[in-house]
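Q: Just so it is clear, I am handing over entry_24.cif, which has mmCIF, N, CA and C atoms.
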```cif
data_data
loop_
_atom_site.label_atom_id
_atom_site.label_comp_id
_atom_site.auth_asym_id
_atom_site.auth_seq_id
_atom_site.Cartn_x
_atom_site.Cartn_y
_atom_site.Cartn_z
N MET A 24 99.55 209.77 142.80
CA MET A 24 98.56 210.54 143.53
C MET A 24 98.03 211.63 142.60
N LYS A 25 96.79 211.96 142.75
CA LYS A 25 96.19 213.00 141.92
C LYS A 25 96.76 214.37 142.27
N LEU A 26 96.86 215.21 141.28
CA LEU A 26 97.46 216.53 141.45
C LEU A 26 96.71 217.37 142.48
N GLN A 27 95.40 217.44 142.38
CA GLN A 27 94.64 218.28 143.30
C GLN A 27 94.74 217.78 144.74
N HIS A 28 94.77 216.46 144.92
CA HIS A 28 94.91 215.89 146.27
C HIS A 28 96.30 216.22 146.83
N ALA A 29 97.33 216.12 145.99
CA ALA A 29 98.69 216.44 146.42
C ALA A 29 98.79 217.90 146.85
N LEU A 30 98.14 218.80 146.11
CA LEU A 30 98.17 220.22 146.46
C LEU A 30 97.39 220.50 147.74
N THR A 31 96.32 219.77 147.96
CA THR A 31 95.55 219.94 149.20
C THR A 31 96.42 219.57 150.40
N LEU A 32 97.14 218.47 150.30
CA LEU A 32 97.99 218.04 151.41
C LEU A 32 99.15 219.02 151.65
N THR A 33 99.81 219.47 150.59
CA THR A 33 100.92 220.40 150.77
C THR A 33 100.43 221.76 151.26
N GLY A 34 99.21 222.12 150.92
CA GLY A 34 98.63 223.39 151.37
C GLY A 34 98.45 223.45 152.87
N LYS A 35 98.30 222.29 153.51
CA LYS A 35 98.15 222.25 154.96
C LYS A 35 99.46 222.58 155.67
N ILE A 36 100.59 222.42 154.99
CA ILE A 36 101.90 222.73 155.57
C ILE A 36 102.37 224.11 155.15
N THR A 37 102.11 224.49 153.91
CA THR A 37 102.59 225.75 153.35
C THR A 37 101.54 226.83 153.59
N HIS A 38 101.85 227.81 154.43
CA HIS A 38 100.90 228.87 154.74
C HIS A 38 101.39 230.20 154.16
N SER A 39 100.49 231.02 153.75
CA SER A 39 100.87 232.30 153.14
C SER A 39 101.32 233.33 154.18
N HIS A 40 101.06 233.10 155.46
CA HIS A 40 101.44 234.09 156.48
C HIS A 40 102.82 233.82 157.09
N ARG A 41 103.62 233.00 156.47
CA ARG A 41 104.98 232.74 156.96
C ARG A 41 105.83 233.99 156.80
N THR A 42 106.76 234.19 157.74
CA THR A 42 107.63 235.36 157.66
C THR A 42 108.88 235.09 156.82
N ILE A 43 109.21 233.82 156.61
CA ILE A 43 110.34 233.46 155.76
C ILE A 43 109.78 233.12 154.38
N PRO A 44 110.10 233.91 153.36
CA PRO A 44 109.48 233.74 152.04
C PRO A 44 109.63 232.34 151.44
N ILE A 45 110.74 231.65 151.66
CA ILE A 45 110.92 230.33 151.05
C ILE A 45 109.93 229.32 151.60
N LEU A 46 109.42 229.54 152.82
CA LEU A 46 108.43 228.62 153.40
C LEU A 46 107.05 228.79 152.80
N LYS A 47 106.86 229.82 152.00
CA LYS A 47 105.60 230.01 151.28
C LYS A 47 105.62 229.26 149.95
N THR A 48 106.74 228.58 149.66
CA THR A 48 106.89 227.90 148.38
C THR A 48 106.85 226.39 148.54
N VAL A 49 106.74 225.74 147.39
CA VAL A 49 106.78 224.29 147.31
C VAL A 49 107.91 223.93 146.35
N LEU A 50 108.75 222.99 146.74
CA LEU A 50 109.83 222.53 145.86
C LEU A 50 109.22 221.56 144.86
N VAL A 51 109.34 221.89 143.59
CA VAL A 51 108.75 221.06 142.54
C VAL A 51 109.87 220.45 141.71
N ARG A 52 109.84 219.12 141.63
CA ARG A 52 110.76 218.36 140.80
C ARG A 52 109.91 217.43 139.94
N PRO A 53 110.49 216.82 138.92
CA PRO A 53 109.69 215.91 138.10
C PRO A 53 108.99 214.85 138.95
N ASP A 54 107.67 214.83 138.87
CA ASP A 54 106.81 213.87 139.58
C ASP A 54 106.93 213.89 141.10
N LEU A 55 107.40 215.00 141.68
CA LEU A 55 107.55 215.09 143.13
C LEU A 55 107.36 216.53 143.61
N ILE A 56 106.56 216.68 144.66
CA ILE A 56 106.33 217.98 145.29
C ILE A 56 106.75 217.86 146.75
N THR A 57 107.51 218.85 147.26
CA THR A 57 107.97 218.84 148.65
C THR A 57 107.55 220.14 149.32
N ALA A 58 107.01 220.03 150.53
CA ALA A 58 106.62 221.21 151.31
C ALA A 58 107.13 221.05 152.74
N THR A 59 107.39 222.18 153.40
CA THR A 59 107.84 222.13 154.80
C THR A 59 107.44 223.41 155.53
N ASP A 60 107.32 223.27 156.86
CA ASP A 60 107.19 224.44 157.73
C ASP A 60 108.33 224.42 158.75
N LEU A 61 109.37 223.65 158.46
CA LEU A 61 110.57 223.42 159.26
C LEU A 61 110.33 222.49 160.45
N GLU A 62 109.10 222.12 160.71
CA GLU A 62 108.79 221.12 161.72
C GLU A 62 108.27 219.85 161.06
N THR A 63 107.54 220.03 159.99
CA THR A 63 106.95 218.93 159.26
C THR A 63 107.45 218.96 157.83
N TRP A 64 107.79 217.80 157.29
CA TRP A 64 108.26 217.69 155.91
C TRP A 64 107.34 216.73 155.18
N LEU A 65 106.96 217.10 153.97
CA LEU A 65 106.05 216.26 153.19
C LEU A 65 106.55 216.18 151.76
N GLU A 66 106.80 214.97 151.28
CA GLU A 66 107.15 214.74 149.88
C GLU A 66 106.06 213.87 149.28
N ILE A 67 105.50 214.33 148.18
CA ILE A 67 104.37 213.63 147.57
C ILE A 67 104.66 213.41 146.09
N ASP A 68 104.40 212.19 145.63
CA ASP A 68 104.44 211.92 144.19
C ASP A 68 103.25 212.63 143.57
N ALA A 69 103.51 213.38 142.52
CA ALA A 69 102.44 214.13 141.86
C ALA A 69 102.71 214.18 140.36
N PRO A 70 101.66 214.20 139.56
CA PRO A 70 101.84 214.25 138.10
C PRO A 70 102.30 215.63 137.63
N VAL A 71 103.60 215.87 137.77
CA VAL A 71 104.18 217.15 137.37
C VAL A 71 105.36 216.89 136.44
N SER A 72 105.36 217.57 135.32
CA SER A 72 106.49 217.51 134.40
C SER A 72 107.16 218.88 134.43
N ILE A 73 108.46 218.91 134.75
CA ILE A 73 109.17 220.18 134.85
C ILE A 73 110.62 219.94 134.42
N ASN A 74 111.22 220.89 133.73
CA ASN A 74 112.56 220.69 133.18
C ASN A 74 113.68 220.91 134.19
N ALA A 75 113.42 221.56 135.32
CA ALA A 75 114.43 221.79 136.35
C ALA A 75 113.73 221.97 137.70
N ALA A 76 114.37 221.49 138.77
CA ALA A 76 113.81 221.66 140.11
C ALA A 76 113.77 223.14 140.45
N THR A 77 112.66 223.57 141.03
CA THR A 77 112.51 224.98 141.40
C THR A 77 111.49 225.10 142.52
N CYS A 78 111.51 226.24 143.21
CA CYS A 78 110.54 226.52 144.27
C CYS A 78 109.51 227.50 143.73
N ILE A 79 108.28 227.10 143.78
CA ILE A 79 107.18 227.91 143.25
C ILE A 79 106.29 228.31 144.43
N PRO A 80 105.92 229.60 144.51
CA PRO A 80 104.98 229.99 145.57
C PRO A 80 103.72 229.11 145.50
N PHE A 81 103.29 228.61 146.66
CA PHE A 81 102.17 227.67 146.69
C PHE A 81 100.92 228.23 146.03
N LYS A 82 100.60 229.49 146.30
CA LYS A 82 99.39 230.08 145.71
C LYS A 82 99.47 230.07 144.19
N MET A 83 100.66 230.35 143.64
CA MET A 83 100.82 230.36 142.19
C MET A 83 100.71 228.94 141.64
N LEU A 84 101.33 227.97 142.33
CA LEU A 84 101.26 226.59 141.87
C LEU A 84 99.81 226.11 141.86
N LYS A 85 99.07 226.48 142.88
CA LYS A 85 97.66 226.09 142.95
C LYS A 85 96.87 226.72 141.80
N ALA A 86 97.18 227.98 141.48
CA ALA A 86 96.49 228.65 140.36
C ALA A 86 96.87 227.99 139.03
N LEU A 87 98.13 227.62 138.86
CA LEU A 87 98.57 226.97 137.63
C LEU A 87 97.90 225.61 137.45
N ALA A 88 97.63 224.92 138.56
CA ALA A 88 97.09 223.57 138.51
C ALA A 88 95.56 223.52 138.51
N LYS A 89 94.92 224.65 138.64
CA LYS A 89 93.46 224.67 138.77
C LYS A 89 92.80 223.96 137.59
N GLY A 90 92.02 222.95 137.91
CA GLY A 90 91.27 222.22 136.90
C GLY A 90 92.09 221.26 136.06
N LYS A 91 93.35 221.03 136.41
CA LYS A 91 94.21 220.14 135.62
C LYS A 91 94.48 218.85 136.38
N THR A 92 94.73 217.79 135.63
CA THR A 92 95.10 216.52 136.24
C THR A 92 96.60 216.28 136.14
N ARG A 93 97.26 216.98 135.25
CA ARG A 93 98.72 216.90 135.11
C ARG A 93 99.24 218.30 134.85
N LEU A 94 100.38 218.61 135.41
CA LEU A 94 100.96 219.94 135.27
C LEU A 94 102.26 219.84 134.49
N ASP A 95 102.33 220.55 133.36
CA ASP A 95 103.53 220.59 132.53
C ASP A 95 104.10 221.99 132.61
N LEU A 96 105.30 222.10 133.23
CA LEU A 96 105.90 223.40 133.48
C LEU A 96 107.28 223.51 132.83
N ILE A 97 107.66 224.72 132.50
CA ILE A 97 108.99 225.01 131.97
C ILE A 97 109.60 226.11 132.82
N VAL A 98 110.84 225.90 133.29
CA VAL A 98 111.55 226.89 134.08
C VAL A 98 112.62 227.52 133.21
N ALA A 99 112.63 228.86 133.15
CA ALA A 99 113.66 229.58 132.39
C ALA A 99 113.80 230.98 132.96
N ASN A 100 115.05 231.42 133.14
CA ASN A 100 115.34 232.78 133.61
C ASN A 100 114.64 233.13 134.92
N GLY A 101 114.59 232.19 135.86
CA GLY A 101 113.99 232.48 137.16
C GLY A 101 112.48 232.59 137.15
N ARG A 102 111.86 232.10 136.10
CA ARG A 102 110.40 232.12 136.00
C ARG A 102 109.90 230.75 135.58
N VAL A 103 108.69 230.44 135.97
CA VAL A 103 108.06 229.18 135.57
C VAL A 103 106.84 229.52 134.72
N THR A 104 106.59 228.71 133.70
CA THR A 104 105.44 228.95 132.84
C THR A 104 104.78 227.63 132.48
N ASP A 105 103.49 227.69 132.28
CA ASP A 105 102.74 226.54 131.79
C ASP A 105 102.32 226.77 130.34
N GLY A 106 102.90 227.78 129.71
CA GLY A 106 102.56 228.13 128.34
C GLY A 106 101.60 229.30 128.28
N ILE A 107 100.94 229.59 129.38
CA ILE A 107 99.97 230.70 129.43
C ILE A 107 100.39 231.72 130.48
N THR A 108 100.64 231.24 131.70
CA THR A 108 100.97 232.11 132.83
C THR A 108 102.45 232.01 133.16
N ARG A 109 103.07 233.14 133.50
CA ARG A 109 104.47 233.15 133.95
C ARG A 109 104.53 233.66 135.38
N SER A 110 105.37 233.03 136.17
CA SER A 110 105.48 233.41 137.58
C SER A 110 106.93 233.35 138.01
N PRO A 111 107.38 234.29 138.87
CA PRO A 111 108.75 234.22 139.40
C PRO A 111 108.89 233.02 140.35
N THR A 112 110.11 232.50 140.43
CA THR A 112 110.39 231.35 141.29
C THR A 112 111.59 231.63 142.17
N PHE A 113 111.82 230.74 143.12
CA PHE A 113 113.01 230.75 143.95
C PHE A 113 113.90 229.59 143.48
N SER A 114 115.18 229.71 143.72
CA SER A 114 116.11 228.64 143.38
C SER A 114 115.85 227.43 144.27
N ALA A 115 115.97 226.24 143.71
CA ALA A 115 115.77 225.01 144.49
C ALA A 115 116.81 224.88 145.61
N GLU A 116 117.98 225.49 145.43
CA GLU A 116 119.02 225.43 146.45
C GLU A 116 118.63 226.20 147.72
N GLU A 117 117.69 227.14 147.60
CA GLU A 117 117.25 227.91 148.77
C GLU A 117 116.29 227.14 149.66
N PHE A 118 115.67 226.08 149.13
CA PHE A 118 114.70 225.31 149.89
C PHE A 118 115.42 224.57 151.01
N PRO A 119 114.89 224.60 152.24
CA PRO A 119 115.55 223.93 153.36
C PRO A 119 115.67 222.43 153.13
N THR A 120 116.78 221.86 153.57
CA THR A 120 116.94 220.41 153.45
C THR A 120 116.38 219.72 154.68
N CYS A 121 115.86 218.56 154.47
CA CYS A 121 115.27 217.79 155.56
C CYS A 121 116.38 217.26 156.46
N PRO A 122 116.28 217.49 157.76
CA PRO A 122 117.33 216.99 158.66
C PRO A 122 117.31 215.46 158.71
N THR A 123 118.47 214.88 158.93
CA THR A 123 118.56 213.43 159.02
C THR A 123 118.79 213.04 160.47
N ILE A 124 118.39 211.85 160.80
CA ILE A 124 118.55 211.34 162.16
C ILE A 124 119.85 210.54 162.22
N ALA A 125 120.66 210.81 163.23
CA ALA A 125 121.93 210.11 163.39
C ALA A 125 121.66 208.63 163.61
N GLU A 126 122.49 207.80 163.01
CA GLU A 126 122.33 206.36 163.16
C GLU A 126 122.74 205.89 164.56
N GLN A 127 123.72 206.54 165.14
CA GLN A 127 124.19 206.18 166.47
C GLN A 127 123.46 207.05 167.51
N PRO A 128 123.06 206.46 168.63
CA PRO A 128 122.43 207.28 169.67
C PRO A 128 123.42 208.31 170.21
N LEU A 129 122.90 209.48 170.53
CA LEU A 129 123.74 210.54 171.04
C LEU A 129 124.19 210.27 172.47
N LEU A 130 123.41 209.49 173.21
CA LEU A 130 123.70 209.21 174.61
C LEU A 130 123.59 207.70 174.83
N GLY A 131 124.67 207.09 175.23
CA GLY A 131 124.66 205.65 175.48
C GLY A 131 124.18 205.35 176.89
N MET A 132 123.87 204.09 177.15
CA MET A 132 123.39 203.68 178.47
C MET A 132 124.42 203.97 179.57
N CYS A 133 125.70 203.83 179.27
CA CYS A 133 126.72 204.07 180.29
C CYS A 133 126.90 205.57 180.57
N ASP A 134 126.38 206.44 179.69
CA ASP A 134 126.51 207.89 179.88
C ASP A 134 125.39 208.47 180.75
N ILE A 135 124.32 207.73 180.95
CA ILE A 135 123.15 208.25 181.66
C ILE A 135 123.46 208.62 183.12
N PRO A 136 124.13 207.78 183.92
CA PRO A 136 124.43 208.18 185.31
C PRO A 136 125.23 209.48 185.40
N ASP A 137 126.22 209.66 184.51
CA ASP A 137 127.01 210.89 184.52
C ASP A 137 126.14 212.09 184.14
N ALA A 138 125.23 211.92 183.19
CA ALA A 138 124.35 213.01 182.77
C ALA A 138 123.42 213.42 183.90
N ILE A 139 122.90 212.42 184.64
CA ILE A 139 122.02 212.73 185.77
C ILE A 139 122.80 213.43 186.88
N ALA A 140 124.02 212.98 187.13
CA ALA A 140 124.85 213.59 188.18
C ALA A 140 125.14 215.05 187.86
N ASP A 141 125.27 215.39 186.60
CA ASP A 141 125.54 216.78 186.20
C ASP A 141 124.38 217.71 186.52
N VAL A 142 123.15 217.21 186.47
CA VAL A 142 121.99 218.10 186.67
C VAL A 142 121.23 217.83 187.96
N ASP A 143 121.61 216.82 188.69
CA ASP A 143 120.85 216.42 189.86
C ASP A 143 120.81 217.50 190.95
N ARG A 144 121.86 218.28 191.10
CA ARG A 144 121.85 219.34 192.13
C ARG A 144 120.87 220.47 191.78
N ALA A 145 120.43 220.53 190.53
CA ALA A 145 119.48 221.56 190.13
C ALA A 145 118.03 221.11 190.30
N ALA A 146 117.82 219.85 190.65
CA ALA A 146 116.47 219.33 190.82
C ALA A 146 115.83 219.92 192.08
N SER A 147 114.53 220.13 192.00
CA SER A 147 113.80 220.69 193.12
C SER A 147 113.67 219.68 194.26
N CYS A 148 113.76 220.18 195.48
CA CYS A 148 113.57 219.33 196.66
C CYS A 148 112.25 219.67 197.34
N ASP A 149 111.40 220.41 196.65
CA ASP A 149 110.12 220.85 197.21
C ASP A 149 109.21 219.64 197.38
N LYS A 150 108.97 219.23 198.61
CA LYS A 150 108.18 218.04 198.89
C LYS A 150 106.68 218.31 198.82
N THR A 151 106.26 219.56 198.74
CA THR A 151 104.83 219.87 198.67
C THR A 151 104.27 219.60 197.27
N ARG A 152 105.10 219.34 196.32
CA ARG A 152 104.65 219.11 194.94
C ARG A 152 104.60 217.63 194.60
N SER A 153 104.14 216.81 195.48
CA SER A 153 104.11 215.36 195.23
C SER A 153 102.89 214.96 194.47
#
```
Rewrite the coordinates I just gave you, this time as structure tokens.

A:
Amino acid sequence: MKLQHALTLTGKITHSHRTIPILKTVLVRPDLITATDLETWLEIDAPVSINAATCIPFKMLKALAKGKTRLDLIVANGRVTDGITRSPTFSAEEFPTCPTIAEQPLLGMCDIPDAIADVDRAASCDKTRS
């Protein structure tokens, strides 16, 4: 995928008005960009060369990539550089991990009658709401 297109897509998830600073960043790994708002997760193949996974503020990443088709970055001492610009980064370990879906259902078919019986007395009997 083209770099500018990948940044456009991740920009729709990563907003600068987030109250949690790590959500303003994008996880950058070799040839892969990941963004999240904790409800939506997006991983995109992108032409990025980087020596270590790191979280870069989206606005800075967009500025570093302006007018480029490939991004070559070096991470050292908590900063990322493209050879011209240096920017502070967050550790990749701080980026939220994508939740996984359990392979087994949490509620089996035989558990449903018991679950309904537990909450059935709390159901409304108001007949005017038909």

Q: Name the closest residue to Ala99 (chain A) among the candidates A:Ala115, A:Ala75, A:Ala146, A:Ala86; distances are taken between atoms, counting only N, CA and C atoms.

A: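 So, comparing all the options, the nearest one is A:Ala75.
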
Q: Please evaluate the PyMOL selection byres ((chain A and resi 117-127) around 8) against the structure above and give the resulting residues as JSON, numbers by chain.

A: {"A": [45, 46, 49, 50, 59, 61, 64, 77, 78, 113, 114, 115, 116, 128, 129, 130, 131]}

Q: Hey, can you spit out that residue selection with N, CA and C atoms as a compact mmCIF listing (two decimals), keeping the file's coordinate frame?

A:
```
# COMPACT_ATOMS: atom_id res chain seq x y z
N ILE A 45 110.74 231.65 151.66
CA ILE A 45 110.92 230.33 151.05
C ILE A 45 109.93 229.32 151.60
N LEU A 46 109.42 229.54 152.82
CA LEU A 46 108.43 228.62 153.40
C LEU A 46 107.05 228.79 152.80
N VAL A 49 106.74 225.74 147.39
CA VAL A 49 106.78 224.29 147.31
C VAL A 49 107.91 223.93 146.35
N LEU A 50 108.75 222.99 146.74
CA LEU A 50 109.83 222.53 145.86
C LEU A 50 109.22 221.56 144.86
N THR A 59 107.39 222.18 153.40
CA THR A 59 107.84 222.13 154.80
C THR A 59 107.44 223.41 155.53
N LEU A 61 109.37 223.65 158.46
CA LEU A 61 110.57 223.42 159.26
C LEU A 61 110.33 222.49 160.45
N TRP A 64 107.79 217.80 157.29
CA TRP A 64 108.26 217.69 155.91
C TRP A 64 107.34 216.73 155.18
N THR A 77 112.66 223.57 141.03
CA THR A 77 112.51 224.98 141.40
C THR A 77 111.49 225.10 142.52
N CYS A 78 111.51 226.24 143.21
CA CYS A 78 110.54 226.52 144.27
C CYS A 78 109.51 227.50 143.73
N PHE A 113 111.82 230.74 143.12
CA PHE A 113 113.01 230.75 143.95
C PHE A 113 113.90 229.59 143.48
N SER A 114 115.18 229.71 143.72
CA SER A 114 116.11 228.64 143.38
C SER A 114 115.85 227.43 144.27
N ALA A 115 115.97 226.24 143.71
CA ALA A 115 115.77 225.01 144.49
C ALA A 115 116.81 224.88 145.61
N GLU A 116 117.98 225.49 145.43
CA GLU A 116 119.02 225.43 146.45
C GLU A 116 118.63 226.20 147.72
N PRO A 128 123.06 206.46 168.63
CA PRO A 128 122.43 207.28 169.67
C PRO A 128 123.42 208.31 170.21
N LEU A 129 122.90 209.48 170.53
CA LEU A 129 123.74 210.54 171.04
C LEU A 129 124.19 210.27 172.47
N LEU A 130 123.41 209.49 173.21
CA LEU A 130 123.70 209.21 174.61
C LEU A 130 123.59 207.70 174.83
N GLY A 131 124.67 207.09 175.23
CA GLY A 131 124.66 205.65 175.48
C GLY A 131 124.18 205.35 176.89
```

Q: Give me, as JSON, numbers by chain, the residues of chain A that a backbone DSSP run labels helix (DSSP H, G or I).

A: {"A": [26, 27, 28, 29, 30, 31, 32, 33, 34, 44, 45, 46, 47, 81, 82, 83, 84, 85, 86, 87, 88, 115, 116, 117, 132, 133, 134, 135, 136, 137, 138, 139, 140, 141, 142, 143, 144, 145, 150, 151, 152]}

Q: Can you spit out the residues from that selection as a compact mmCIF listing (two decimals), in the frame of the given file, using N, CA and C atoms?

A:
```txt
# COMPACT_ATOMS: atom_id res chain seq x y z
N LEU A 26 96.86 215.21 141.28
CA LEU A 26 97.46 216.53 141.45
C LEU A 26 96.71 217.37 142.48
N GLN A 27 95.40 217.44 142.38
CA GLN A 27 94.64 218.28 143.30
C GLN A 27 94.74 217.78 144.74
N HIS A 28 94.77 216.46 144.92
CA HIS A 28 94.91 215.89 146.27
C HIS A 28 96.30 216.22 146.83
N ALA A 29 97.33 216.12 145.99
CA ALA A 29 98.69 216.44 146.42
C ALA A 29 98.79 217.90 146.85
N LEU A 30 98.14 218.80 146.11
CA LEU A 30 98.17 220.22 146.46
C LEU A 30 97.39 220.50 147.74
N THR A 31 96.32 219.77 147.96
CA THR A 31 95.55 219.94 149.20
C THR A 31 96.42 219.57 150.40
N LEU A 32 97.14 218.47 150.30
CA LEU A 32 97.99 218.04 151.41
C LEU A 32 99.15 219.02 151.65
N THR A 33 99.81 219.47 150.59
CA THR A 33 100.92 220.40 150.77
C THR A 33 100.43 221.76 151.26
N GLY A 34 99.21 222.12 150.92
CA GLY A 34 98.63 223.39 151.37
C GLY A 34 98.45 223.45 152.87
N PRO A 44 110.10 233.91 153.36
CA PRO A 44 109.48 233.74 152.04
C PRO A 44 109.63 232.34 151.44
N ILE A 45 110.74 231.65 151.66
CA ILE A 45 110.92 230.33 151.05
C ILE A 45 109.93 229.32 151.60
N LEU A 46 109.42 229.54 152.82
CA LEU A 46 108.43 228.62 153.40
C LEU A 46 107.05 228.79 152.80
N LYS A 47 106.86 229.82 152.00
CA LYS A 47 105.60 230.01 151.28
C LYS A 47 105.62 229.26 149.95
N PHE A 81 103.29 228.61 146.66
CA PHE A 81 102.17 227.67 146.69
C PHE A 81 100.92 228.23 146.03
N LYS A 82 100.60 229.49 146.30
CA LYS A 82 99.39 230.08 145.71
C LYS A 82 99.47 230.07 144.19
N MET A 83 100.66 230.35 143.64
CA MET A 83 100.82 230.36 142.19
C MET A 83 100.71 228.94 141.64
N LEU A 84 101.33 227.97 142.33
CA LEU A 84 101.26 226.59 141.87
C LEU A 84 99.81 226.11 141.86
N LYS A 85 99.07 226.48 142.88
CA LYS A 85 97.66 226.09 142.95
C LYS A 85 96.87 226.72 141.80
N ALA A 86 97.18 227.98 141.48
CA ALA A 86 96.49 228.65 140.36
C ALA A 86 96.87 227.99 139.03
N LEU A 87 98.13 227.62 138.86
CA LEU A 87 98.57 226.97 137.63
C LEU A 87 97.90 225.61 137.45
N ALA A 88 97.63 224.92 138.56
CA ALA A 88 97.09 223.57 138.51
C ALA A 88 95.56 223.52 138.51
N ALA A 115 115.97 226.24 143.71
CA ALA A 115 115.77 225.01 144.49
C ALA A 115 116.81 224.88 145.61
N GLU A 116 117.98 225.49 145.43
CA GLU A 116 119.02 225.43 146.45
C GLU A 116 118.63 226.20 147.72
N GLU A 117 117.69 227.14 147.60
CA GLU A 117 117.25 227.91 148.77
C GLU A 117 116.29 227.14 149.66
N MET A 132 123.87 204.09 177.15
CA MET A 132 123.39 203.68 178.47
C MET A 132 124.42 203.97 179.57
N CYS A 133 125.70 203.83 179.27
CA CYS A 133 126.72 204.07 180.29
C CYS A 133 126.90 205.57 180.57
N ASP A 134 126.38 206.44 179.69
CA ASP A 134 126.51 207.89 179.88
C ASP A 134 125.39 208.47 180.75
N ILE A 135 124.32 207.73 180.95
CA ILE A 135 123.15 208.25 181.66
C ILE A 135 123.46 208.62 183.12
N PRO A 136 124.13 207.78 183.92
CA PRO A 136 124.43 208.18 185.31
C PRO A 136 125.23 209.48 185.40
N ASP A 137 126.22 209.66 184.51
CA ASP A 137 127.01 210.89 184.52
C ASP A 137 126.14 212.09 184.14
N ALA A 138 125.23 211.92 183.19
CA ALA A 138 124.35 213.01 182.77
C ALA A 138 123.42 213.42 183.90
N ILE A 139 122.90 212.42 184.64
CA ILE A 139 122.02 212.73 185.77
C ILE A 139 122.80 213.43 186.88
N ALA A 140 124.02 212.98 187.13
CA ALA A 140 124.85 213.59 188.18
C ALA A 140 125.14 215.05 187.86
N ASP A 141 125.27 215.39 186.60
CA ASP A 141 125.54 216.78 186.20
C ASP A 141 124.38 217.71 186.52
N VAL A 142 123.15 217.21 186.47
CA VAL A 142 121.99 218.10 186.67
C VAL A 142 121.23 217.83 187.96
N ASP A 143 121.61 216.82 188.69
CA ASP A 143 120.85 216.42 189.86
C ASP A 143 120.81 217.50 190.95
N ARG A 144 121.86 218.28 191.10
CA ARG A 144 121.85 219.34 192.13
C ARG A 144 120.87 220.47 191.78
N ALA A 145 120.43 220.53 190.53
CA ALA A 145 119.48 221.56 190.13
C ALA A 145 118.03 221.11 190.30
N LYS A 150 108.97 219.23 198.61
CA LYS A 150 108.18 218.04 198.89
C LYS A 150 106.68 218.31 198.82
N THR A 151 106.26 219.56 198.74
CA THR A 151 104.83 219.87 198.67
C THR A 151 104.27 219.60 197.27
N ARG A 152 105.10 219.34 196.32
CA ARG A 152 104.65 219.11 194.94
C ARG A 152 104.60 217.63 194.60
```

Q: Show which residues sit within 7 Å of Lys91 (chain A), as a list in words. Count all atoms listed in the file, and ignore same-chain residues fewer than 4 positions away.

A: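 Residues meeting the cut-off are Leu26, Gln27 and Leu87 of chain A.
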
Q: Enter the distance from CA of Asp60 (chain A) to atom N of Lys47 (chain A), in Å, rounded to one decimal.

A: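 For CA of Asp60 (chain A) relative to atom N of Lys47 (chain A), the distance reads 7.9 Å.
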
Q: Counting only N, CA and C atoms, which of A:Thr112, A:Thr33, A:Val71, A:Pro80 gets nearest to Leu96 (chain A)?

A: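 Using only N, CA and C atoms, Leu96 (chain A) sits closest to A:Val71.
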
Q: What does the distance between atom N of Pro53 (chain A) and atom N of Lys82 (chain A) come to in Å, to one decimal place?

A: 17.7 Å

Q: Could you work out how far CA of His38 (chain A) lies from CA of Asp105 (chain A), giving the answer in Å with one decimal?

A: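 If I compute the distance from CA of Asp105 (chain A) to CA of His38 (chain A), I get 23.1 Å.
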